[in-house]
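One structure is given below, encoded as structure tokens.
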Amino acid sequence: MSTPSGPSYADFAERVGADFVLQLPDGGQAALVLTDCTASSPHSFSVSFKAGPQAPREQRLYQLTADGFGPEPVFLVPVGLRPNDPEFPSEYQAIFNSLPGQ
């Protein structure tokens, strides 16, 4: 479950290894798998995904869904290529920050 300010660390931490779907601007979809969820402070965390070949290479806000999650808008940034994994050749990251008390 997410809060009005967006998804929480717990929303992602319990889904590491889970399949996600990225909604493409043209109405298509790309497969993602959540590979990591790391808290860097009590108010900041990051998530990493490996992405299928249909995933675009532009950083932007995308709608993500998973079993029991979303749709949620998440700003994804492509951070690398995975040349030895043709099924999931790209890697994305999202960083979430909140102010204390929110």
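Chains: A, B, ... in order of the structure tokens. Residues: from 1 per chain. Ligands: from 1, in order shown.
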
Sel. of strand (DSSP E) residues, stretch 22-94 of chain A, as a PyMOL selection string: chain A and resi 22-23+29-41+44-51+60-66+69-81+90-94

Include N, CA and C atoms and write out the residues we just selected as a compact mmCIF listing (two decimals), in the first residue's frame.
# COMPACT_ATOMS: atom_id res chain seq x y z
N LEU A 22 5.98 -1.81 -16.48
CA LEU A 22 6.16 -0.39 -16.79
C LEU A 22 5.23 -0.06 -17.95
N GLN A 23 4.36 0.92 -17.77
CA GLN A 23 3.45 1.34 -18.82
C GLN A 23 4.18 2.30 -19.76
N GLN A 29 3.67 -2.14 -22.88
CA GLN A 29 4.22 -2.45 -21.57
C GLN A 29 5.62 -3.02 -21.70
N ALA A 30 6.40 -2.85 -20.65
CA ALA A 30 7.73 -3.45 -20.56
C ALA A 30 7.84 -4.17 -19.22
N ALA A 31 8.50 -5.30 -19.23
CA ALA A 31 8.69 -6.08 -18.01
C ALA A 31 9.85 -5.54 -17.21
N LEU A 32 9.66 -5.48 -15.89
CA LEU A 32 10.72 -5.11 -14.94
C LEU A 32 10.75 -6.16 -13.84
N VAL A 33 11.92 -6.30 -13.22
CA VAL A 33 12.05 -7.11 -12.01
C VAL A 33 12.77 -6.25 -10.99
N LEU A 34 12.19 -6.12 -9.81
CA LEU A 34 12.82 -5.35 -8.73
C LEU A 34 14.00 -6.15 -8.19
N THR A 35 15.20 -5.59 -8.32
CA THR A 35 16.41 -6.32 -7.92
C THR A 35 16.97 -5.87 -6.58
N ASP A 36 16.63 -4.65 -6.14
CA ASP A 36 17.22 -4.14 -4.90
C ASP A 36 16.35 -3.03 -4.33
N CYS A 37 16.33 -2.94 -3.01
CA CYS A 37 15.68 -1.84 -2.29
C CYS A 37 16.55 -1.56 -1.08
N THR A 38 17.16 -0.35 -1.07
CA THR A 38 18.13 -0.01 -0.04
C THR A 38 17.77 1.31 0.62
N ALA A 39 17.67 1.30 1.95
CA ALA A 39 17.45 2.54 2.70
C ALA A 39 18.79 3.20 2.94
N SER A 40 18.89 4.49 2.60
CA SER A 40 20.13 5.22 2.84
C SER A 40 20.03 6.14 4.06
N SER A 41 18.82 6.38 4.52
CA SER A 41 18.56 7.14 5.74
C SER A 41 17.12 6.85 6.14
N SER A 44 15.09 8.32 3.17
CA SER A 44 15.54 8.17 1.79
C SER A 44 15.82 6.70 1.49
N PHE A 45 15.39 6.26 0.29
CA PHE A 45 15.71 4.91 -0.14
C PHE A 45 15.79 4.88 -1.66
N SER A 46 16.43 3.85 -2.17
CA SER A 46 16.53 3.68 -3.61
C SER A 46 16.09 2.27 -3.98
N VAL A 47 15.60 2.15 -5.22
CA VAL A 47 15.23 0.86 -5.76
C VAL A 47 15.90 0.69 -7.12
N SER A 48 16.22 -0.55 -7.45
CA SER A 48 16.81 -0.88 -8.75
C SER A 48 15.97 -1.95 -9.41
N PHE A 49 15.87 -1.84 -10.72
CA PHE A 49 15.13 -2.81 -11.53
C PHE A 49 15.99 -3.27 -12.68
N LYS A 50 15.83 -4.52 -13.09
CA LYS A 50 16.31 -4.93 -14.39
C LYS A 50 15.10 -4.87 -15.32
N ALA A 51 15.35 -4.47 -16.58
CA ALA A 51 14.25 -4.17 -17.50
C ALA A 51 14.37 -4.96 -18.79
N ARG A 60 12.31 9.35 -17.07
CA ARG A 60 11.03 10.07 -16.99
C ARG A 60 10.13 9.39 -15.96
N LEU A 61 8.97 9.97 -15.78
CA LEU A 61 7.97 9.42 -14.89
C LEU A 61 7.20 8.33 -15.63
N TYR A 62 7.17 7.13 -15.05
CA TYR A 62 6.46 6.00 -15.63
C TYR A 62 5.48 5.45 -14.61
N GLN A 63 4.38 4.90 -15.08
CA GLN A 63 3.44 4.20 -14.22
C GLN A 63 3.93 2.77 -14.04
N LEU A 64 4.07 2.35 -12.77
CA LEU A 64 4.48 0.98 -12.47
C LEU A 64 3.36 0.26 -11.74
N THR A 65 3.22 -1.01 -12.06
CA THR A 65 2.28 -1.88 -11.35
C THR A 65 2.97 -3.19 -11.04
N ALA A 66 2.46 -3.86 -10.03
CA ALA A 66 2.89 -5.21 -9.66
C ALA A 66 1.72 -5.82 -8.90
N PHE A 69 0.35 -3.80 -6.03
CA PHE A 69 1.06 -2.51 -6.03
C PHE A 69 0.62 -1.71 -7.23
N GLY A 70 0.27 -0.45 -6.97
CA GLY A 70 0.02 0.52 -8.04
C GLY A 70 -1.32 0.38 -8.69
N PRO A 71 -1.45 1.17 -9.74
CA PRO A 71 -0.40 1.89 -10.46
C PRO A 71 0.13 3.08 -9.67
N GLU A 72 1.44 3.24 -9.73
CA GLU A 72 2.14 4.34 -9.06
C GLU A 72 3.07 5.02 -10.06
N PRO A 73 3.08 6.36 -10.08
CA PRO A 73 4.07 7.05 -10.91
C PRO A 73 5.44 7.03 -10.22
N VAL A 74 6.45 6.59 -10.95
CA VAL A 74 7.81 6.50 -10.41
C VAL A 74 8.76 7.08 -11.44
N PHE A 75 9.64 7.99 -11.00
CA PHE A 75 10.64 8.58 -11.90
C PHE A 75 11.81 7.61 -11.99
N LEU A 76 11.96 7.00 -13.16
CA LEU A 76 13.02 6.01 -13.38
C LEU A 76 14.14 6.61 -14.22
N VAL A 77 15.36 6.26 -13.84
CA VAL A 77 16.56 6.72 -14.55
C VAL A 77 17.31 5.48 -15.02
N PRO A 78 17.58 5.37 -16.33
CA PRO A 78 18.41 4.26 -16.79
C PRO A 78 19.84 4.45 -16.29
N VAL A 79 20.40 3.42 -15.66
CA VAL A 79 21.74 3.56 -15.06
C VAL A 79 22.75 2.59 -15.63
N GLY A 80 22.32 1.67 -16.47
CA GLY A 80 23.30 0.74 -17.02
C GLY A 80 22.70 -0.26 -17.96
N LEU A 81 23.59 -0.96 -18.64
CA LEU A 81 23.20 -2.05 -19.52
C LEU A 81 23.67 -3.36 -18.92
N SER A 90 18.58 -3.97 -19.60
CA SER A 90 18.76 -2.62 -19.05
C SER A 90 18.57 -2.62 -17.55
N GLU A 91 19.11 -1.59 -16.91
CA GLU A 91 18.95 -1.42 -15.46
C GLU A 91 18.48 0.00 -15.19
N TYR A 92 17.53 0.13 -14.28
CA TYR A 92 16.97 1.42 -13.89
C TYR A 92 17.10 1.61 -12.38
N GLN A 93 17.06 2.88 -11.97
CA GLN A 93 17.06 3.20 -10.55
C GLN A 93 16.06 4.31 -10.29
N ALA A 94 15.49 4.29 -9.11
CA ALA A 94 14.64 5.37 -8.62
C ALA A 94 15.06 5.68 -7.20

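Here the question is which of A:Ala10, A:Leu99, A:Pro89, A:Gly17 gets nearest to A:Arg57 using only C-alpha atoms, and that residue is A:Pro89.
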
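Distances to A:Pro53 were evaluated for A:Pro7, A:Phe88, A:Val21, A:Gly28 using only C-alpha atoms, and the minimum falls at A:Phe88.
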
Residue set, stretch 1-58 of chain A restricted to helix (DSSP H, G or I), as a ChimeraX atom specification: /A:9-13
